[in-house]
Each structure stands twice: as C-alpha cells, then as structure tokens.
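Everything below concerns the one structure shown next.
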Amino acid sequence: MTSLIDQEINISAPVQAKPLAVILLGPPGAGKGTHAGPLSQKLGLPHISTGDLLREHIHGQTELGRLAKSCMDGGNLVPDDLVLTMLFDRIERSDCAKGYILDGFPRTKPQAEALDSYFGTKVQVAALYFSVPDKLLIERIIGRITCKDCARPYHLHFDPPKLAGICDACNRPLFQRSDDQEDVVRRRLEVYHSQTQPVIDHFASKEGVFKEVLAMGNKEAVFQDTVRLITTL
Ligand code: AP5
C-alpha cells in the first residue's frame with residue numbers, strides 16, 4: 001500500500017508570513033496521531049502531541065510524569081496548569097518558529113482560551129475536527145498498537161505493521177498503551193464529551209479557521225481530505 005506521505009497530493013506549507021498552528025481536534029481514536037505524522041512531513045512542521053509529551057515524562061519518571069500517570073490511567077485529563085506549562089515550553093523551541101501541528105491540545109475551554117491569548121494576532125490557525133461516531137472509536141482504540149520509540153500508531157486489523165509487533169518506520173517494538181483498555185476508553189470518551197466538545201464549539205464559532213474532516217473512511221482518503229481542507233482555509 002502506498003504510504004500517506006508518498007501520495008501525490010499537492011500540498012506545501014501555505015504561503016504565509018505568520019507561523020502556522022495546525023490544531024488537530026477530535027475524540028480519542030479519531031486518527032489525530034495517525035495523520036499528524038504524515039502531515040508533519042508534508043508541511044515541514046513539528047508534530048507536538050501532549051499525550052506523547054506526558055508519556056515521555058512518565059517514562060522519565062519526572063514529577064510531572066508521576067502526577068500525569070494516575071490521571072491518564074484513569075482516563076481523566078491532566079490538570080490544565082501542568083499541561084499549559086509543558087506545552088508552552090515546547091512551542092517556544094526554535095523548531096517551532098514556522099509553526100507546528102498540535103495533537104491532543106487544547107482539550108478544555110481554559111486551555112483553548114490560554115492558546116488564544118498566546119496566539120493573539122501573531123499566528124495563523126487551521127483547526128481541523130476529525131469526526132468519527134463513538135461506536136467506531138472503541139474498536140479502533142482497543143486494537144491499537146503503538147511504537148515505543150516514534151509513537152506511530154498501528155491497528156491490529158485496520159493498519160497492521162509489515163512485520164508483526166515491529167514498527168515499519170524505526171524497527172522498534174510496538175506495545176499497547178495502558179489507557180487503551182476498554183473500560184478506560186469508555187471513561188476517556190465521557191471526558192471528551194463533557195470537557196473537550198466545548199473546545200470544538202469554540203473553534204467552530206471562529207471565522208475562517210475551522211473545518212470538519214469526516215474521518216470514518218479509510219485513512220488514505222481521510223488524509224487527502226485533511227490536506228485539501230488545510231489548503232482551503
Ligand atoms: P492522547 O495521547 O492525546 O490520546 P487521545 O486524545 O485520547 O487520542 P488517541 O491517541 O487515543 O487517538 P488519536 O485520535 O490520536 O487516534 P490514532 O491516530 O492513534 O491523550 C492520552 C491522555 O493524556 C489523556 O486521556 C489525558 O489523560 C492526557 N492528556 C493528553 N493531552 C492532554 C491535554 N491537552 N490536557 C489534559 N490531559 C491531556 O488512531 C487510533 C487507532 O485507529 C489506531 O489504531 C489507528 O491505526 C486507527 N485508525 C486511524 N485512522 C483510521 C481509519 N481512517 N480507519 C481505520 N482505522 C484507523
């Protein structure tokens with residue numbers, strides 16, 4: 001199968017003087033991580049996933065990692081102040097000067113408002129909402145396996161690696177995330193509907209920054225729609 005980034009899609013970072021913040025919104029399992037990697041390569045912008053940053057802290061046994069682990073394992077959000085400090089530290093780094101792709105942030109109203117204040121008029125925003133019905137999300141997440149090294153997601157049935165248990169991109173082992181158990185996934189979906197849906201409404205009410213991607217189709221078609229929508233914003 002042709003990889004997403006090899007496809008003939010006419011995309012380059014839109015010509016713009018301001019840094020571009022691509023914000024990937026949507027429920028757990030919608031495909032944000034799946035598309036963020038190929039988009040990052042197409043646009044030449046770093047992929048910043050707050051979930052991956054938190055998992056790095058857990059792996060590194062930092063104070064933030066210890067606090068985050070109990071929230072994440074229960075399917076709950078990590079407190080806003082901790083996530084905001086971590087995120088702003090990351091986007092201040094030099095590789096973000098031309099922009100970045102945010103995956104999993106913002107996911108509360110206070111996070112969205114903090115981002116608005118940080119952007120002011122200095123940043124061009126493209127907010128993409130990956131919509132998928134809940135019934136498909138559970139199947140996607142409980143079958144997900146993720147690379148330990150580069151965090152690329154696969155699926156046991158929908159998107160298996162070429163070699164079982166090994167990442168195609170970096171040859172490292174794949175594992176199942178501890179929060180990808182069905183009971184935790186159901187809690188993550190409840191949290192999404194109560195705390196993150198208002199963030200979707202927040203961006204949808206802004207003129208010229210928001211598009212919905214119907215993300216239930218096959219991933220190649222979803223990727224093509226995603227890049228087309230970015231170029232039309
Ligand atoms: P995080 O890591 O951000 O997880 P999430 O938002 O719950 O999203 P997922 O990673 O589950 O889904 P995804 O949309 O990336 O789906 P994927 O592409 O992998 O957050 C984890 C936790 O960290 C949170 O619960 C919270 O505790 C904490 N956290 C993180 N950010 C935070 C924040 N800002 N504030 C507070 N707390 C925060 O795809 C899923 C599966 O589907 C894969 O197997 C994939 O292969 C498959 N798939 C993808 N697309 C398709 C398709 N089109 N067809 C078939 N299968 C597909």
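Residue numbers start at 1 in each chain; chains themselves are named A, B, ... in the order of the structure tokens; ligands are numbered from 1 in the order shown.
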inquiry  = Among region 28-203 of chain A, which residues does DSSP mark as alpha helix (DSSP H) when it is run on the backbone? Keep the chain and numbering as in the structure and answer as a ChimeraX atom specification.
reply    = /A:32-43,50-59,63-73,80-91,109-119,134-142,182-191,197-203
Note to self: I need the residues in region 95-138 of chain A that are strand (DSSP E or B) according to DSSP; give them as a PyMOL selection string.
What the structure shows: chain A and resi 99-103+124-131
Shortest contact to ligand 1, candidates A:Ile166, A:Val78, A:Leu45, A:Ile23, atoms counted only C-alpha atoms and all ligand atoms, goes to A:Val78
Please, which residues have at least one atom within 7 Å of an atom of ligand 1, using only C-alpha atoms and all ligand atoms, listed as a compact mmCIF listing (two decimals) with N, CA, C and O atoms, in the first residue's frame?
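For reference, pocket.txt as written:
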```txt
# COMPACT_ATOMS: atom_id res chain seq x y z
N GLY A 26 -10.54 16.28 18.08
CA GLY A 26 -11.39 15.11 17.85
C GLY A 26 -11.27 14.14 19.00
O GLY A 26 -10.36 14.24 19.84
N PRO A 27 -12.19 13.18 19.05
CA PRO A 27 -12.21 12.24 20.18
C PRO A 27 -11.03 11.29 20.16
O PRO A 27 -10.35 11.15 19.14
N PRO A 28 -10.81 10.57 21.27
CA PRO A 28 -9.79 9.52 21.29
C PRO A 28 -10.07 8.53 20.17
O PRO A 28 -11.21 8.08 20.00
N GLY A 29 -9.04 8.19 19.40
CA GLY A 29 -9.20 7.20 18.33
C GLY A 29 -9.65 7.77 17.01
O GLY A 29 -9.84 7.02 16.04
N ALA A 30 -9.82 9.09 16.91
CA ALA A 30 -10.33 9.68 15.67
C ALA A 30 -9.31 9.65 14.53
O ALA A 30 -9.67 9.79 13.37
N GLY A 31 -8.03 9.51 14.88
CA GLY A 31 -6.99 9.48 13.85
C GLY A 31 -6.04 10.67 13.88
O GLY A 31 -5.26 10.89 12.96
N LYS A 32 -6.06 11.42 14.99
CA LYS A 32 -5.20 12.61 15.08
C LYS A 32 -3.73 12.21 14.97
O LYS A 32 -2.97 12.78 14.19
N GLY A 33 -3.32 11.22 15.75
CA GLY A 33 -1.92 10.78 15.73
C GLY A 33 -1.56 10.13 14.40
O GLY A 33 -0.45 10.32 13.88
N THR A 34 -2.49 9.38 13.81
CA THR A 34 -2.24 8.71 12.52
C THR A 34 -1.89 9.73 11.45
O THR A 34 -0.96 9.53 10.65
N HIS A 35 -2.62 10.85 11.42
CA HIS A 35 -2.43 11.82 10.34
C HIS A 35 -1.40 12.89 10.70
O HIS A 35 -0.85 13.54 9.79
N SER A 49 2.42 16.33 20.29
CA SER A 49 1.29 15.63 20.92
C SER A 49 1.46 15.76 22.42
O SER A 49 2.47 15.32 22.99
N THR A 50 0.46 16.35 23.09
CA THR A 50 0.58 16.48 24.55
C THR A 50 0.54 15.09 25.21
O THR A 50 1.20 14.87 26.22
N GLY A 51 -0.21 14.15 24.61
CA GLY A 51 -0.21 12.79 25.16
C GLY A 51 1.18 12.18 25.09
O GLY A 51 1.66 11.58 26.07
N ASP A 52 1.87 12.34 23.94
CA ASP A 52 3.24 11.79 23.82
C ASP A 52 4.20 12.48 24.79
O ASP A 52 5.07 11.84 25.40
N LEU A 54 3.48 13.80 27.65
CA LEU A 54 3.20 13.29 29.01
C LEU A 54 3.74 11.88 29.19
O LEU A 54 4.31 11.54 30.24
N ALA A 68 0.90 12.83 36.20
CA ALA A 68 0.11 12.55 34.98
C ALA A 68 -0.35 11.10 34.93
O ALA A 68 -1.45 10.82 34.47
N CYS A 71 -3.76 10.23 36.42
CA CYS A 71 -4.86 10.81 35.63
C CYS A 71 -5.07 10.01 34.36
O CYS A 71 -6.19 9.63 34.02
N MET A 72 -3.98 9.73 33.65
CA MET A 72 -4.09 9.08 32.34
C MET A 72 -4.60 7.64 32.47
O MET A 72 -5.44 7.20 31.70
N GLY A 75 -8.20 7.53 32.73
CA GLY A 75 -8.96 8.10 31.61
C GLY A 75 -9.35 9.55 31.82
O GLY A 75 -10.21 10.08 31.11
N ASN A 76 -8.72 10.20 32.82
CA ASN A 76 -9.05 11.59 33.11
C ASN A 76 -7.99 12.53 32.56
O ASN A 76 -6.87 12.10 32.25
N LEU A 77 -8.33 13.81 32.48
CA LEU A 77 -7.37 14.79 31.96
C LEU A 77 -6.36 15.18 33.04
O LEU A 77 -6.66 15.16 34.24
N VAL A 78 -5.18 15.54 32.60
CA VAL A 78 -4.13 16.08 33.47
C VAL A 78 -4.48 17.55 33.73
O VAL A 78 -4.99 18.23 32.82
N PRO A 79 -4.25 18.05 34.95
CA PRO A 79 -4.66 19.44 35.25
C PRO A 79 -4.11 20.46 34.25
O PRO A 79 -2.96 20.37 33.78
N ASP A 80 -4.95 21.45 33.95
CA ASP A 80 -4.62 22.45 32.93
C ASP A 80 -3.28 23.13 33.17
O ASP A 80 -2.51 23.34 32.23
N VAL A 83 -0.34 21.02 32.05
CA VAL A 83 -0.28 20.81 30.59
C VAL A 83 0.10 22.11 29.89
O VAL A 83 0.90 22.11 28.94
N ASP A 103 -1.54 18.12 18.51
CA ASP A 103 -2.35 16.89 18.53
C ASP A 103 -2.72 16.61 19.99
O ASP A 103 -1.85 16.37 20.82
N GLY A 104 -4.03 16.74 20.29
CA GLY A 104 -4.47 16.48 21.67
C GLY A 104 -4.46 17.71 22.55
O GLY A 104 -4.63 17.60 23.77
N PHE A 105 -4.29 18.85 21.96
CA PHE A 105 -4.29 20.12 22.70
C PHE A 105 -4.87 21.20 21.77
O PHE A 105 -4.47 21.25 20.61
N PRO A 106 -5.77 22.07 22.24
CA PRO A 106 -6.32 22.14 23.59
C PRO A 106 -7.48 21.17 23.75
O PRO A 106 -8.14 20.82 22.79
N ARG A 107 -7.75 20.74 25.00
CA ARG A 107 -8.91 19.88 25.23
C ARG A 107 -9.77 20.29 26.40
O ARG A 107 -10.62 19.51 26.84
N THR A 108 -9.58 21.52 26.89
CA THR A 108 -10.55 22.13 27.82
C THR A 108 -10.71 23.59 27.38
O THR A 108 -9.84 24.14 26.68
N ARG A 140 -11.43 0.94 17.27
CA ARG A 140 -10.13 1.45 16.82
C ARG A 140 -9.11 1.44 17.95
O ARG A 140 -7.96 1.04 17.78
N ILE A 141 -9.54 1.90 19.13
CA ILE A 141 -8.55 2.08 20.21
C ILE A 141 -8.12 0.76 20.83
O ILE A 141 -6.93 0.56 21.10
N GLY A 143 -7.81 -1.99 19.49
CA GLY A 143 -6.94 -2.74 18.57
C GLY A 143 -5.66 -1.99 18.23
O GLY A 143 -4.89 -2.43 17.37
N ARG A 144 -5.44 -0.86 18.88
CA ARG A 144 -4.26 -0.05 18.52
C ARG A 144 -2.99 -0.61 19.17
O ARG A 144 -2.99 -1.03 20.33
N ILE A 145 -1.90 -0.58 18.41
CA ILE A 145 -0.57 -0.85 18.94
C ILE A 145 0.31 0.32 18.50
O ILE A 145 0.12 0.87 17.41
N PRO A 153 1.11 5.21 15.55
CA PRO A 153 0.08 4.21 15.86
C PRO A 153 -0.18 3.26 14.70
O PRO A 153 -0.12 3.65 13.54
N TYR A 154 -0.47 2.01 15.02
CA TYR A 154 -0.92 0.99 14.05
C TYR A 154 -2.21 0.41 14.59
O TYR A 154 -2.61 0.70 15.71
N HIS A 155 -2.85 -0.46 13.79
CA HIS A 155 -4.01 -1.20 14.28
C HIS A 155 -3.86 -2.65 13.88
O HIS A 155 -3.42 -2.96 12.77
N PHE A 158 -6.92 -2.93 11.08
CA PHE A 158 -7.13 -1.87 10.08
C PHE A 158 -5.82 -1.35 9.49
O PHE A 158 -5.80 -0.84 8.38
N ASP A 159 -4.74 -1.45 10.25
CA ASP A 159 -3.48 -0.85 9.79
C ASP A 159 -2.30 -1.60 10.43
O ASP A 159 -1.54 -1.03 11.22
N ARG A 188 -12.58 7.81 28.86
CA ARG A 188 -11.98 8.88 28.04
C ARG A 188 -13.03 9.51 27.12
O ARG A 188 -13.01 10.72 26.89
N ALA A 215 -13.93 11.54 9.35
CA ALA A 215 -12.74 10.69 9.49
C ALA A 215 -13.07 9.21 9.67
O ALA A 215 -12.24 8.46 10.17
N MET A 216 -14.26 8.79 9.22
CA MET A 216 -14.61 7.37 9.37
C MET A 216 -14.20 6.53 8.17
O MET A 216 -14.26 5.30 8.21
N GLY A 217 -13.80 7.14 7.08
CA GLY A 217 -13.41 6.39 5.88
C GLY A 217 -12.01 5.81 6.01
O GLY A 217 -11.40 5.86 7.08
N ASN A 218 -11.49 5.25 4.90
CA ASN A 218 -10.13 4.68 5.01
C ASN A 218 -9.10 5.80 5.17
O ASN A 218 -9.34 6.94 4.78
N LYS A 219 -7.97 5.45 5.75
CA LYS A 219 -7.07 6.51 6.20
C LYS A 219 -6.45 7.29 5.04
O LYS A 219 -6.18 8.49 5.19
N VAL A 222 -8.99 9.89 4.14
CA VAL A 222 -9.09 10.90 5.21
C VAL A 222 -7.89 11.86 5.13
O VAL A 222 -8.03 13.07 5.27
```
re CA of Ala126 (chain A) and CA of Val22 (chain A): distance 4.8 Å
